[in-house]
>>> print(open('upload14.txt').read())   # compact mmCIF, C-alpha atoms
# COMPACT_ATOMS: atom_id res chain seq x y z
CA SER L 131 97.33 162.67 75.32
CA SER L 132 98.70 159.40 73.93
CA SER L 133 101.00 158.99 76.94
CA SER L 134 98.05 159.59 79.27
CA SER L 135 96.01 156.97 77.42
CA SER L 136 98.90 154.51 77.56
CA SER L 137 99.32 155.13 81.27
CA SER L 138 95.61 154.53 81.90
CA SER L 139 95.69 151.30 79.87
CA SER L 140 98.75 150.06 81.77
CA LYS L 141 97.09 150.84 85.10
CA ALA L 142 93.95 148.98 84.04
CA ASP L 143 96.04 145.94 83.04
CA ASP L 144 97.83 146.02 86.38
CA ASP L 145 94.50 146.22 88.22
CA ASP L 146 93.20 143.23 86.23
CA THR L 147 96.35 141.24 87.03
CA ILE L 148 96.08 142.05 90.74
CA GLY L 149 92.40 141.11 90.70
CA GLN L 150 93.15 137.76 89.05
CA GLN L 151 95.93 137.08 91.52
CA GLN L 152 93.59 137.78 94.43
CA GLN L 153 90.95 135.48 92.95
CA GLN L 154 93.52 132.75 92.39
CA PHE L 155 94.76 133.14 95.97
CA ILE L 156 91.21 132.71 97.30
CA ILE L 157 90.63 129.60 95.18
CA GLU L 158 94.00 128.05 95.96
CA ASN L 159 94.02 128.77 99.69
CA VAL L 160 90.30 128.65 100.49
CA VAL L 161 88.01 126.86 98.04
CA SER L 162 90.44 124.05 97.18
CA SER L 163 92.47 123.94 100.39
CA PRO L 164 92.10 121.01 102.83
CA LEU L 165 93.54 123.26 105.55
CA PHE L 166 90.58 125.60 105.16
CA TYR L 167 88.02 122.85 105.66
CA VAL L 168 89.50 121.72 108.98
CA THR L 169 89.61 125.29 110.33
CA PHE L 170 87.27 127.95 108.97
CA GLY L 171 85.19 125.31 107.19
CA VAL L 172 83.87 124.11 110.54
CA ALA L 173 82.76 127.64 111.44
CA LEU L 174 81.05 127.96 108.06
CA GLY L 175 79.32 124.65 108.71
CA VAL L 176 77.93 125.97 112.00
CA VAL L 177 76.48 129.02 110.23
CA LEU L 178 74.92 126.92 107.46
CA VAL L 179 73.35 124.48 109.91
CA GLN L 180 71.91 127.29 112.01
CA LYS L 181 70.47 128.99 108.93
CA PHE L 182 69.21 126.04 106.89
CA GLY L 183 68.72 123.34 109.49
CA SER L 184 69.06 119.70 108.47
CA ASN L 185 69.22 120.64 104.76
CA ALA L 186 72.63 122.24 105.42
CA SER L 187 74.40 118.87 105.35
CA LEU L 188 73.83 118.41 101.63
CA LEU L 189 74.52 122.09 100.90
CA PHE L 190 77.73 122.09 102.91
CA SER L 191 79.05 118.87 101.36
CA ALA L 192 78.27 119.87 97.77
CA LEU L 193 79.49 123.48 98.08
CA PRO L 194 83.22 122.95 97.26
CA VAL L 195 82.61 120.88 94.12
CA VAL L 196 79.86 123.22 92.91
CA LEU L 197 82.00 126.33 93.43
CA LEU L 198 85.03 124.88 91.65
CA THR L 199 82.90 123.61 88.76
CA CYS L 200 81.21 127.00 88.31
CA VAL L 201 84.55 128.78 88.35
CA SER L 202 86.09 126.40 85.79
CA LYS L 203 83.18 126.97 83.37
CA SER L 204 83.22 130.76 83.62
CA ASP L 205 85.26 133.53 81.99
CA LEU L 206 87.09 133.82 85.26
CA GLY L 207 88.10 130.18 84.88
CA ASP L 208 89.62 130.90 81.46
CA GLY L 209 91.83 133.56 82.98
CA LEU L 210 92.80 131.37 85.92
CA ARG L 211 93.59 128.48 83.61
CA GLU L 212 95.93 130.74 81.66
CA GLN L 213 97.62 131.77 84.91
CA ALA L 214 98.11 128.12 85.83
CA ARG L 215 99.68 127.48 82.43
CA LYS L 216 102.08 130.39 82.91
CA ALA L 217 102.94 129.21 86.42
CA LYS L 218 103.71 125.76 85.04
CA GLU L 219 105.95 127.17 82.32
CA ALA L 220 107.71 129.42 84.82
CA ASP L 221 108.28 126.48 87.15
CA GLU L 222 109.67 124.24 84.42
CA GLY L 223 111.94 127.02 83.15
CA GLY L 224 113.03 128.17 86.60
CA THR L 225 116.25 127.58 88.48
CA GLU L 226 114.98 124.33 90.00
CA GLY L 227 114.14 122.84 86.61
CA GLY L 228 110.54 121.99 87.43
CA ARG L 229 109.44 118.59 88.69
CA GLU L 230 112.37 116.74 87.13
CA GLY L 231 114.85 119.17 88.65
CA ARG L 232 113.34 118.81 92.12
CA GLU L 233 113.39 115.03 91.76
CA ARG L 234 117.12 115.19 91.00
CA MET L 235 117.66 117.36 94.08
CA ARG L 236 115.78 114.84 96.22
CA ALA L 237 117.89 112.01 94.80
CA LEU L 238 121.03 113.87 95.86
CA ALA L 239 119.51 114.59 99.28
CA LYS L 240 118.86 110.89 99.86
CA ALA L 241 122.59 110.27 99.86
CA LYS L 242 122.81 112.27 103.09
CA PHE L 243 120.46 109.82 104.83
CA PRO L 244 122.15 106.40 104.48
CA MET L 245 120.10 105.13 107.43
CA TYR L 246 116.95 105.49 105.28
CA PHE L 247 118.17 104.97 101.71
CA GLY L 248 120.67 102.82 99.83
CA LYS L 249 122.50 99.66 100.85
CA GLU L 250 123.29 100.83 104.38
CA ARG L 251 119.65 101.50 105.32
CA GLY L 252 117.86 99.60 108.04
CA ARG L 253 116.02 96.48 106.95
CA TRP L 254 113.02 94.72 108.41
CA MET L 255 115.33 92.18 110.03
CA PRO L 256 118.70 92.75 111.76
CA ARG L 257 121.65 93.01 109.41
CA LYS L 258 123.22 89.91 110.99
CA SER L 259 120.42 87.87 109.46
CA VAL L 260 121.32 89.00 105.93
CA SER L 261 124.07 86.43 105.40
CA PHE L 262 121.97 83.70 107.02
CA PHE L 263 119.02 84.11 104.64
CA SER L 264 121.11 84.90 101.57
CA GLY L 265 123.62 82.14 101.91
CA GLY L 266 126.42 84.67 101.46
CA ASP L 267 128.37 87.27 103.39
CA SER L 268 127.47 90.56 101.72
CA ASP L 269 124.53 92.84 101.05
CA ASP L 270 124.77 91.97 97.35
CA ASP L 271 124.11 88.34 98.23
CA ALA L 272 121.14 89.41 100.35
CA SER L 273 119.64 91.56 97.61
CA SER L 274 118.93 88.48 95.50
CA SER L 275 117.52 86.36 98.32
CA PHE L 276 113.88 85.50 98.94
CA MET L 277 113.78 87.44 102.22
CA PHE L 278 115.36 90.57 100.74
CA PRO L 279 114.03 91.07 97.16
CA SER L 280 116.34 92.96 94.81
CA TYR L 281 113.64 95.21 93.34
CA LEU L 282 113.41 97.00 96.70
CA ASP L 283 116.72 98.80 96.23
CA GLY L 284 116.47 101.53 98.86
CA THR L 285 115.20 104.38 96.66
CA LEU L 286 111.70 104.52 98.17
CA ALA L 287 110.91 106.29 101.42
CA GLY L 288 110.46 103.72 104.18
CA ASP L 289 111.89 100.85 102.12
CA ALA L 290 112.91 98.15 104.62
CA GLN L 291 113.16 95.53 101.84
CA PHE L 292 110.08 93.72 103.14
CA ASP L 293 107.87 91.99 100.58
CA PRO L 294 107.73 88.24 101.32
CA LEU L 295 104.58 87.79 99.21
CA ARG L 296 106.09 89.58 96.18
CA LEU L 297 103.21 92.06 96.01
CA SER L 298 105.43 94.75 94.44
CA ASP L 299 107.62 92.75 92.09
CA THR L 300 106.88 94.98 89.09
CA GLU L 301 107.26 98.74 88.60
CA GLU L 302 103.51 99.21 88.12
CA LYS L 303 102.68 97.23 91.28
CA ARG L 304 105.22 99.22 93.30
CA ARG L 305 103.83 102.52 92.07
CA ARG L 306 100.30 101.47 92.93
CA ASN L 307 101.20 100.04 96.35
CA VAL L 308 103.17 103.15 97.32
CA GLU L 309 100.13 105.27 96.49
CA LEU L 310 97.78 102.99 98.46
CA GLU L 311 100.09 102.82 101.48
CA LEU L 312 100.33 106.62 101.66
CA LEU L 313 96.57 106.99 101.19
CA HIS L 314 95.66 104.50 103.92
CA GLY L 315 98.41 105.75 106.22
CA ARG L 316 97.16 109.34 105.99
CA TRP L 317 93.59 108.28 106.67
CA ALA L 318 94.75 106.17 109.61
CA MET L 319 96.68 109.10 111.14
CA LEU L 320 93.55 111.25 110.91
CA ALA L 321 91.44 108.40 112.29
CA VAL L 322 93.64 107.89 115.37
CA VAL L 323 93.31 111.58 116.21
CA GLY L 324 89.57 111.45 115.52
CA VAL L 325 88.87 108.52 117.83
CA CYS L 326 91.14 109.67 120.68
CA VAL L 327 90.66 113.45 120.93
CA PRO L 328 86.88 113.48 121.66
CA GLU L 329 87.35 110.91 124.43
CA ILE L 330 90.28 112.90 125.90
CA LEU L 331 88.29 116.16 125.80
CA SER L 332 85.30 114.53 127.43
CA ARG L 333 87.31 112.80 130.17
CA SER L 334 89.26 115.96 130.97
CA GLY L 335 86.09 118.04 131.17
CA ALA L 336 87.32 120.41 128.45
CA LEU L 337 84.29 119.75 126.25
CA GLU L 338 80.90 118.24 126.99
CA LEU L 339 80.01 115.72 124.31
CA SER L 340 76.82 113.70 124.08
CA GLU L 341 78.87 110.67 123.01
CA PRO L 342 82.70 110.71 123.07
CA ILE L 343 83.24 107.03 122.19
CA TRP L 344 83.84 106.76 118.46
CA TRP L 345 82.06 103.49 117.72
CA LYS L 346 78.99 104.40 119.79
CA ILE L 347 78.27 107.38 117.53
CA GLY L 348 77.10 105.09 114.75
CA GLU L 349 75.01 103.13 117.22
CA LYS L 350 73.19 106.28 118.31
CA VAL L 351 72.58 107.34 114.71
CA LEU L 352 71.08 103.92 113.96
CA GLU L 353 68.79 104.39 116.95
CA GLY L 354 67.65 107.74 115.53
CA ILE L 355 69.35 109.86 118.21
CA ASP L 356 70.75 113.20 117.03
CA VAL L 357 74.43 113.69 117.86
CA ASN L 358 75.79 117.24 118.03
CA TYR L 359 79.06 117.74 116.20
CA LEU L 360 81.86 119.19 118.40
CA GLY L 361 79.31 119.49 121.19
CA ILE L 362 77.63 122.44 119.42
CA GLU L 363 73.89 122.32 120.00
CA GLY L 364 71.98 121.83 116.74
CA PHE L 365 75.14 121.28 114.71
CA HIS L 366 74.48 117.85 113.21
CA ILE L 367 76.14 118.12 109.76
CA ALA L 368 74.55 114.87 108.47
CA GLY L 369 73.88 113.26 111.83
CA ALA L 370 70.22 114.21 111.84
CA SER L 371 69.73 112.68 108.40
CA GLY L 372 70.35 109.07 109.40
CA ILE L 373 72.75 106.58 107.87
CA ILE L 374 71.47 107.16 104.32
CA GLY L 375 71.99 110.92 104.63
CA ILE L 376 75.48 110.46 106.06
CA ALA L 377 76.41 108.03 103.28
CA PHE L 378 75.08 110.42 100.63
CA CYS L 379 76.98 113.38 102.07
CA GLN L 380 80.16 111.31 102.25
CA ALA L 381 79.72 110.32 98.60
CA VAL L 382 79.35 113.98 97.60
CA LEU L 383 82.22 115.16 99.81
CA MET L 384 84.64 112.47 98.70
CA GLY L 385 83.46 112.16 95.11
CA GLY L 386 85.16 115.39 94.04
CA PRO L 387 88.56 114.70 95.64
CA GLU L 388 88.56 111.07 94.50
CA TYR L 389 87.73 112.12 90.93
CA ALA L 390 90.51 114.72 91.07
CA ARG L 391 92.92 112.05 92.31
CA TYR L 392 91.83 109.78 89.46
CA VAL L 393 92.27 112.53 86.86
CA GLY L 394 95.75 113.33 88.14
CA ILE L 395 97.94 116.21 89.19
CA GLU L 396 96.44 118.58 86.59
CA SER L 397 92.89 118.31 87.97
CA LEU L 398 92.91 121.78 89.59
CA GLU L 399 94.51 123.65 86.70
CA PRO L 400 91.07 124.54 85.20
CA VAL L 401 90.53 126.73 88.29
CA GLY L 402 94.02 128.23 88.19
CA VAL L 403 95.78 126.00 90.73
CA TYR L 404 99.08 124.60 89.50
CA LEU L 405 100.39 121.79 91.67
CA PRO L 406 104.18 121.48 91.31
CA GLY L 407 104.51 117.98 92.80
CA ASP L 408 103.35 114.53 91.76
CA THR L 409 100.37 112.28 92.48
CA ASN L 410 101.49 111.27 95.96
CA TYR L 411 102.93 114.65 96.95
CA PRO L 412 100.99 117.32 95.00
CA GLY L 413 102.48 120.29 96.85
CA GLY L 414 101.39 123.84 96.10
CA GLY L 415 99.11 126.01 98.23
CA PRO L 416 96.37 123.43 98.88
CA PHE L 417 98.67 120.58 99.96
CA ASP L 418 101.84 122.28 101.15
CA PRO L 419 100.72 125.67 102.50
CA PHE L 420 103.90 126.09 104.58
CA ASN L 421 106.19 125.18 101.64
CA LEU L 422 107.94 122.45 103.64
CA SER L 423 109.05 120.70 100.46
CA ALA L 424 111.16 123.66 99.31
CA ASP L 425 114.22 122.21 101.05
CA ALA L 426 115.09 118.86 99.42
CA GLU L 427 116.73 117.36 102.51
CA ARG L 428 113.83 118.29 104.76
CA ASP L 429 111.37 117.01 102.15
CA VAL L 430 113.12 113.62 101.96
CA GLU L 431 113.22 113.28 105.74
CA LEU L 432 109.56 114.26 106.11
CA ARG L 433 108.54 111.66 103.53
CA VAL L 434 110.24 108.94 105.55
CA SER L 435 108.59 110.22 108.74
CA GLU L 436 105.18 110.22 107.07
CA VAL L 437 105.51 106.61 105.93
CA LYS L 438 106.65 105.47 109.37
CA HIS L 439 103.89 107.35 111.20
CA GLY L 440 101.33 106.15 108.66
CA ARG L 441 102.29 102.51 109.19
CA LEU L 442 102.18 102.93 112.94
CA ALA L 443 98.75 104.59 112.67
CA MET L 444 97.38 101.72 110.56
CA ILE L 445 98.51 99.22 113.18
CA ALA L 446 97.07 101.47 115.90
CA MET L 447 93.67 101.60 114.20
CA LEU L 448 93.67 97.82 113.88
CA GLY L 449 94.26 97.70 117.64
CA VAL L 450 91.49 100.25 118.22
CA PHE L 451 89.04 98.10 116.23
CA ALA L 452 90.02 94.92 118.08
CA GLN L 453 89.86 96.56 121.51
CA ALA L 454 86.46 98.10 120.79
CA PHE L 455 85.12 94.68 119.77
CA VAL L 456 86.53 92.93 122.85
CA THR L 457 86.19 95.53 125.62
CA ARG L 458 83.31 97.68 124.29
CA GLU L 459 85.27 100.76 125.40
CA GLY L 460 87.15 103.59 123.76
CA PRO L 461 90.94 103.60 123.15
CA VAL L 462 91.69 106.13 125.91
CA ALA L 463 89.79 104.04 128.47
CA ASN L 464 91.76 100.97 127.34
CA VAL L 465 95.08 102.78 127.78
CA LEU L 466 94.16 104.09 131.23
CA GLU L 467 93.01 100.66 132.32
CA PHE L 468 96.27 99.12 131.10
CA PHE L 469 98.38 101.48 133.19
>>> encode(input="upload14.txt", output="structure tokens")
Amino acid sequence: SSSSSSSSSSKADDDDTIGQQQQQFIIENVVSSPLFYVTFGVALGVVLVQKFGSNASLLFSALPVVLLTCVSKSDLGDGLREQARKAKEADEGGTEGGREGRERMRALAKAKFPMYFGKERGRWMPRKSVSFFSGGDSDDDASSSFMFPSYLDGTLAGDAQFDPLRLSDTEEKRRRNVELELLHGRWAMLAVVGVCVPEILSRSGALELSEPIWWKIGEKVLEGIDVNYLGIEGFHIAGASGIIGIAFCQAVLMGGPEYARYVGIESLEPVGVYLPGDTNYPGGGPFDPFNLSADAERDVELRVSEVKHGRLAMIAMLGVFAQAFVTREGPVANVLEFF
């Protein structure tokens, strides 16, 4: 009888554990996942708009923050928070040694990419110019020159030793500027895709859009013309609410993520999501669903690629803005006209 009771209790504990794991998986890979919002989130938005009309924009934008807040304040949140704590302890006590251990592995991996890190890396000017600007014949002479500041020592991804205005001459400034560069670079990469793809789809006949030119969308909204999102009839998100409605929805949508970024890497732990990375590269299910950072060498190389593509995208968006102002056309039309 006692063994039967013990067996039943063990089975119940296992069921509870499985249930909590399933709930954590849903929160980590759905509710708090950016990947979800650019895939299934769009489909959910269509359903909400069709059901609730123009009021769906506010509901859709507030839904993620409301759900996560409710979960964190519930009994379920207490259990998920405990799971996050255990995951953190397991990570720090694991074979990789937690965040510090992975950082050491990345430091070792950087040595295999001398073209990106260390003294032999590429600089913003040809290496022949090093001795000219430094007044010497070696890299050590160059590292103390005005054109090649010594505090940029080749440890950062994308470090080409370029800082003529000394904007990153302290550790705190460098940390802040690295964060800002990544943030703006990621937004710019998304923006380039966002301004080009609708115009390409419209020109190719793959999708009929009421207005494919990115800057003319705002003009139509100011004129009170409803613009269907993705060409789906009646799917306005906030477009039917005017500029004030769009601004309000953006504030709600971005308020949660920006607050989480301000709080830090532990911001999702109250809902059971442990992020094993750092502020700039959080990792985990929401930000690294394909676990690309598991391999230190690949992670280091991808970080360099991200910085380079981000910088290129920021320059591209500056060109898009200038071309739109001068030609009053979209970027795809400008490219086609050039060729």
>>> closest_residue(input="upload14.txt", among="L:Glu459, L:Asp289, L:Glu396, L:Glu436", to="Trp345 in chain L", atoms="all atoms listed in the file")
L:Glu459
>>> residues_around(input="upload14.txt", residues="Leu286 in chain L", least_positions_apart="3", cutoff="10 Å", atoms="all atoms listed in the file", output="list of chain:residue names")
L:Lys240, L:Tyr246, L:Phe247, L:Gly248, L:Leu282, L:Asp283, L:Asp289, L:Ala290, L:Gln291, L:Arg304, L:Val308, L:Val430, L:Arg433, L:Val434
>>> atom_distance(input="upload14.txt", atom1="CA of His314 in chain L", atom2="CA of Val437 in chain L")
10.3 Å
>>> residues_around(input="upload14.txt", residues="Asp205 in chain L", least_positions_apart="4", cutoff="12 Å", atoms="all atoms listed in the file", output="PyMOL selection string")
chain L and resi 150+200-201+209-212+400-402
>>> write_last_selection(input="upload14.txt", atoms="C-alpha atoms", output="PDB file, keeping the file's coordinate frame")
ATOM      1  CA  GLN L 150      93.150 137.760  89.050  1.00  0.00           C
ATOM      2  CA  CYS L 200      81.210 127.000  88.310  1.00  0.00           C
ATOM      3  CA  VAL L 201      84.550 128.780  88.350  1.00  0.00           C
ATOM      4  CA  GLY L 209      91.830 133.560  82.980  1.00  0.00           C
ATOM      5  CA  LEU L 210      92.800 131.370  85.920  1.00  0.00           C
ATOM      6  CA  ARG L 211      93.590 128.480  83.610  1.00  0.00           C
ATOM      7  CA  GLU L 212      95.930 130.740  81.660  1.00  0.00           C
ATOM      8  CA  PRO L 400      91.070 124.540  85.200  1.00  0.00           C
ATOM      9  CA  VAL L 401      90.530 126.730  88.290  1.00  0.00           C
ATOM     10  CA  GLY L 402      94.020 128.230  88.190  1.00  0.00           C
TER      11      GLY L 402
END
>>> atom_distance(input="upload14.txt", atom1="CA of Gly288 in chain L", atom2="CA of Phe243 in chain L")
11.7 Å
>>> atom_distance(input="upload14.txt", atom1="CA of Leu337 in chain L", atom2="CA of Ala463 in chain L")
16.8 Å
>>> closest_residue(input="upload14.txt", among="L:Thr409, L:Asp293, L:Leu339, L:Gly228", to="Arg306 in chain L", atoms="all atoms listed in the file")
L:Thr409
